[in-house]
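Have a look at the structure below, then the notes.
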Amino acid sequence: MGEIFVLVREPGAGPKRVPIPEGGVVVGRVASPNGIVLSGNAVSREHCKLDRKGDTVTVTNLSKTGTLRNGQALAAPATLTVGDTLKVADAEIVFLGLYAAPAQSAAPPAAAPAGMAKLLHPEHAQTAPAPAGEDTSWIPGPPPKETDEQRVARLP
């Protein structure tokens with residue numbers, strides 16, 4: 001099983017990727033174990049809950065001021081799909097979905113020069129995006145994964 005993430009965007013702060021553990025998290029103004037803390041007076045102490053069971057995440061509104069899912073008020077718990085956007089006061093929470101756990105990879109080749117072992121290691125080849133225009137055809141393994149921002153940008 002992999003990890004499930006959301007991307008949290010708040011005014012005046014950079015986006016941050018947050019994992020959703022099994023059992024879920026509470027989103028609100030007050031810090032709680034495994035919670036997502038948002039600033040702002042319009043955010044309730046416990047604004048909404050993201051319940052995770054396996055690979056499924058359900059959102060439930062806990063606030064009198066409401067939570068929007070894709071621009072619509074939540075009237076009942078709803079299952080999230082990749083790209084769904086929750087609006088909690090001025091903050092946005094984008095559901096990124098499941099990221100597969102990285103496969104166990106072999107150690108880098110013994111003949112790799114010092115400093116190159118990290119670059120040649122298949123785990124790094126899969127997770128570290130190369131700078132734009134850089135030739136990465138020599139790196140073993142599949143092409144680098146896209147960043148969260150790239151993934152969100154291509155969503156409908």
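If you're wondering about the labels, chains in the structure tokens are A, B, ... by order shown, residues count from 1 in each chain, ligands from 1 in order shown.
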### Message
Can you tell me which residues surround Asp55 (chain A) at a distance of at most 9 Å, considering only C-alpha atoms, apart from same-chain residues fewer than 5 positions away, and format the answer as a PyMOL selection string?
### Response
chain A and resi 1-4+22+97-98
### Interatomic distance (Å, one decimal) between CA of Val30 (chain A) and CA of Arg45 (chain A)
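Distance reported for this atom pair: 5.1 Å.
The closest residue to Ala42 (chain A), picked from A:Gly28, A:Val94, A:Thr58, A:Leu7 and counting only C-alpha atoms, is A:Gly28.
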### Query
Of the residues A:Val43, A:Val82, A:Ala31, A:Ile93, which is the one nearest to Val8 (chain A), using only C-alpha atoms?
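Of all the options, A:Ile93 lies closest to Val8 (chain A).
Distances from A:Arg52, A:Glu46, A:Pro21, A:Gly35 to Thr79 (chain A) were compared using only C-alpha atoms, and the smallest one belongs to A:Arg52.
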### Task
Tell me, as a list in words, which residues lie within 12 Å of Lys16 (chain A), counting only C-alpha atoms; anything in the same chain fewer than 4 positions away does not count.
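Once the nearby chain positions are removed, what remains is Phe5, Val6, Leu7, Val8, Arg9, Glu10, Ile36, Val37, Leu38, Ala91, Glu92, Ile93, Val94, Leu96, Thr147, Asp148 and Glu149 of chain A.
Among the candidate residues A:Ile20, A:Thr67, A:Gly14, A:Val59, the one lying nearest to Pro33 (chain A) is A:Ile20, with distances computed using only C-alpha atoms.
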